[in-house]
>>> print(open('my_file.tsv').read())   # TSV, C-alpha atoms
chain	number	residue	atom	x	y	z
A	734	MET	CA	17.85	-6.53	2.67
A	735	LYS	CA	14.32	-7.49	3.65
A	736	ALA	CA	10.99	-6.04	2.57
A	737	VAL	CA	8.36	-5.28	5.19
A	738	PHE	CA	4.73	-6.05	4.34
A	739	GLU	CA	1.52	-5.67	6.32
A	740	VAL	CA	-1.19	-8.17	5.37
A	741	LYS	CA	-4.74	-7.65	6.59
A	742	THR	CA	-6.86	-10.79	6.19
A	743	ILE	CA	-10.65	-10.58	6.30
A	744	GLN	CA	-12.59	-13.86	6.49
A	745	ALA	CA	-16.33	-13.45	6.04
A	746	ASP	CA	-19.20	-15.91	6.27
A	747	TRP	CA	-21.40	-16.34	3.21
A	748	ALA	CA	-24.54	-16.66	5.32
A	749	PRO	CA	-26.16	-14.50	7.99
A	750	PRO	CA	-25.08	-13.16	10.42
A	751	PHE	CA	-22.13	-12.54	8.02
A	752	LYS	CA	-19.57	-12.70	10.79
A	753	LYS	CA	-16.13	-11.29	9.90
A	754	ASN	CA	-12.77	-12.28	11.33
A	755	ILE	CA	-10.00	-9.70	10.73
A	756	THR	CA	-6.30	-10.31	11.39
A	757	VAL	CA	-3.29	-8.14	10.63
A	758	ASN	CA	0.21	-9.62	10.27
A	759	THR	CA	3.55	-7.99	9.49
A	760	TYR	CA	6.20	-9.91	7.56
A	761	GLU	CA	9.90	-9.21	6.93
A	762	VAL	CA	10.68	-11.02	3.70
A	763	LYS	CA	13.85	-11.80	1.75
A	764	LEU	CA	13.95	-11.96	-2.03
A	765	HIS	CA	12.16	-15.10	-3.35
A	766	GLU	CA	10.79	-15.89	0.11
A	767	GLU	CA	7.18	-17.05	0.43
A	768	PHE	CA	4.94	-15.61	3.13
A	769	ASP	CA	1.37	-15.65	4.47
A	770	ARG	CA	-0.63	-18.87	4.11
A	771	ILE	CA	-4.09	-20.00	3.10
A	772	THR	CA	-5.25	-23.09	4.95
A	773	GLY	CA	-8.53	-24.94	5.12
A	774	ASN	CA	-10.97	-26.06	2.46
A	775	GLY	CA	-8.29	-28.47	1.20
A	776	ASN	CA	-5.71	-25.71	0.80
A	777	ASP	CA	-2.38	-25.26	2.55
A	778	GLU	CA	-0.06	-23.02	0.56
A	779	SER	CA	1.76	-19.72	0.60
A	780	VAL	CA	-0.17	-16.71	-0.64
A	781	PHE	CA	2.73	-14.42	-1.67
A	782	ARG	CA	6.32	-14.74	-2.93
A	783	ALA	CA	8.70	-11.78	-3.31
A	784	LEU	CA	10.01	-11.61	-6.90
A	785	GLN	CA	11.69	-8.20	-6.74
A	786	ILE	CA	12.38	-5.75	-3.91
A	787	GLU	CA	13.18	-2.06	-4.40
A	788	ASN	CA	13.14	1.01	-2.14
A	789	ASP	CA	9.79	2.25	-3.46
A	790	GLY	CA	7.98	-1.00	-4.17
A	791	ALA	CA	8.02	-4.76	-4.57
A	792	LYS	CA	6.92	-7.18	-7.25
A	793	LEU	CA	5.00	-10.14	-5.82
A	794	GLU	CA	3.65	-13.38	-7.16
A	795	PHE	CA	0.39	-14.45	-5.50
A	796	SER	CA	-1.44	-17.75	-5.21
A	797	PRO	CA	-3.52	-18.90	-8.19
A	798	LEU	CA	-6.38	-19.42	-5.70
A	799	PHE	CA	-6.78	-15.62	-5.49
A	800	THR	CA	-7.99	-12.95	-7.90
A	801	LEU	CA	-6.52	-9.43	-7.96
A	802	LYS	CA	-9.11	-6.72	-7.42
A	803	ASP	CA	-8.73	-3.61	-9.58
A	804	PRO	CA	-5.53	-4.58	-11.44
A	805	GLN	CA	-3.40	-1.72	-12.75
A	806	GLU	CA	-1.26	-1.65	-15.87
A	807	GLU	CA	1.84	-2.25	-13.74
A	808	ASP	CA	0.36	-5.54	-12.52
A	809	ARG	CA	1.46	-7.36	-15.63
A	810	GLY	CA	1.80	-11.10	-15.77
A	811	GLU	CA	-0.09	-14.06	-14.51
A	812	LYS	CA	-0.72	-13.76	-10.77
A	813	VAL	CA	1.81	-10.92	-10.32
A	814	LEU	CA	1.25	-7.57	-8.62
A	815	TYR	CA	3.44	-4.55	-7.94
A	816	ALA	CA	3.01	-3.13	-4.45
A	817	ARG	CA	4.11	0.51	-4.27
A	818	LYS	CA	5.26	1.80	-0.89
A	819	GLY	CA	2.28	2.79	1.26
A	820	THR	CA	-0.32	1.71	-1.33
A	821	GLN	CA	-2.77	-1.11	-0.66
A	822	LYS	CA	-3.40	-3.98	-3.11
A	823	THR	CA	-6.31	-6.37	-2.63
A	824	ILE	CA	-6.71	-10.00	-3.62
A	825	ALA	CA	-9.76	-12.19	-2.97
A	826	TYR	CA	-10.49	-15.89	-2.56
A	827	LEU	CA	-14.16	-16.58	-3.24
A	828	TRP	CA	-14.29	-20.36	-3.55
A	829	GLY	CA	-14.25	-21.62	0.02
A	830	GLU	CA	-16.72	-21.98	2.82
A	831	LYS	CA	-15.71	-18.43	3.76
A	832	GLY	CA	-14.75	-15.54	1.52
A	833	ILE	CA	-11.20	-14.33	2.12
A	834	THR	CA	-9.88	-10.90	1.22
A	835	LYS	CA	-6.23	-9.97	1.71
A	836	ASN	CA	-5.08	-6.36	1.68
A	837	ILE	CA	-1.31	-6.04	1.38
A	838	VAL	CA	0.74	-2.89	1.92
A	839	PHE	CA	4.47	-2.57	1.23
A	840	LYS	CA	5.92	-0.67	4.21
A	841	GLY	CA	9.52	-0.37	2.99
A	842	ILE	CA	12.80	-2.19	3.38
A	843	THR	CA	14.94	-2.86	6.40
A	844	GLU	CA	18.20	-0.93	6.33
A	845	PRO	CA	20.55	-2.90	4.13
A	846	PHE	CA	24.32	-2.92	4.45
A	847	SER	CA	25.36	-0.53	1.72
A	848	SER	CA	28.35	-1.47	-0.40
A	849	ARG	CA	29.43	2.17	-0.11
A	850	GLU	CA	29.80	1.87	3.63
A	851	GLU	CA	32.73	0.09	5.13
A	852	PRO	CA	32.10	-2.30	7.99
A	853	ALA	CA	33.44	-1.23	11.34
A	854	LYS	CA	37.05	-2.29	11.55
A	855	GLU	CA	38.05	-4.21	14.59
A	856	GLU	CA	40.90	-2.56	16.40
A	857	MET	CA	43.96	-4.78	16.41
A	858	PRO	CA	46.47	-4.35	19.20
A	859	GLN	CA	49.66	-2.81	17.99
A	860	VAL	CA	52.71	-4.96	18.33
A	861	GLU	CA	56.19	-3.55	18.27
A	862	LEU	CA	58.46	-5.38	15.92
A	863	ALA	CA	62.06	-5.83	16.82
A	864	THR	CA	64.19	-4.39	14.09
A	865	GLU	CA	67.44	-5.61	15.50
A	866	ARG	CA	68.17	-9.19	16.32
A	867	GLU	CA	71.06	-10.93	17.80
A	868	PRO	CA	73.30	-12.79	15.44
A	869	GLY	CA	72.46	-16.47	15.18
A	870	THR	CA	68.73	-16.10	16.10
A	871	LEU	CA	65.91	-16.63	13.66
A	872	PHE	CA	63.42	-14.36	15.35
>>> encode(input="my_file.tsv", output="structure tokens")
Amino acid sequence: MKAVFEVKTIQADWAPPFKKNITVNTYEVKLHEEFDRITGNGNDESVFRALQIENDGAKLEFSPLFTLKDPQEEDRGEKVLYARKGTQKTIAYLWGEKGITKNIVFKGITEPFSSREEPAKEEMPQVELATEREPGTLF
């Protein structure tokens, strides 16, 4: 099972003309996998790590370089957020030569193999077994 996230990154200059660079990336992530990166200004590390994946949301750890905007009660813990399906969460990095805002949306999970479903069975050719054998033969 993999979780699908869309991360919109906005890099903005601190000085006029306040140019913005916006990128949108989609990630398919396994449990405990790190994704998205912050580079530059002496940094080169992952921004998110999937701690828990469910059908309706995912619990993520995020880089200590970022601050969560508008934390909710469900976002308990140090540098942890809970992304509900279809709802945007925003983190910000304000310490570099450019301000960086990341908006993350949990899109859902890829279709997992359910333990209730049986895998497709490969058809084996049927072999007729001889029930009678000649005396003195092993097979």
>>> atom_distance(input="my_file.tsv", atom1="CA of Lys741 in chain A", atom2="CA of Gln821 in chain A")
10.0 Å
>>> atom_distance(input="my_file.tsv", atom1="CA of Thr756 in chain A", atom2="CA of Glu811 in chain A")
26.9 Å
>>> closest_residue(input="my_file.tsv", among="A:Glu767, A:Asp746, A:Glu778, A:Glu830", to="Glu794 in chain A", atoms="all atoms listed in the file")
A:Glu767
>>> atom_distance(input="my_file.tsv", atom1="CA of Ala783 in chain A", atom2="CA of Ile837 in chain A")
12.5 Å
>>> residues_around(input="my_file.tsv", residues="Lys831 in chain A", least_positions_apart="6", cutoff="8 Å", atoms="all atoms listed in the file", output="list in words")
Gln744, Ala745, Asp746 and Trp747 of chain A
>>> closest_residue(input="my_file.tsv", among="A:Ile786, A:Lys753, A:Lys840, A:Val740", to="His765 in chain A", atoms="only C-alpha atoms")
A:Ile786
>>> residues_around(input="my_file.tsv", residues="Asp789 in chain A", least_positions_apart="2", cutoff="7 Å", atoms="only C-alpha atoms", output="list in words")
Glu787, Arg817, Lys818 and Gly841 of chain A
>>> residues_around(input="my_file.tsv", residues="Asn788 in chain A", least_positions_apart="2", cutoff="12 Å", atoms="all atoms listed in the file", output="PyMOL selection string")
chain A and resi 734-737+785-786+790-792+816-819+839-845
>>> closest_residue(input="my_file.tsv", among="A:Leu827, A:Gln805, A:Phe799, A:Val838", to="Phe738 in chain A", atoms="all atoms listed in the file")
A:Val838
>>> closest_residue(input="my_file.tsv", among="A:Ile743, A:Val813, A:Val757, A:Ile771", to="Leu798 in chain A", atoms="all atoms listed in the file")
A:Ile771
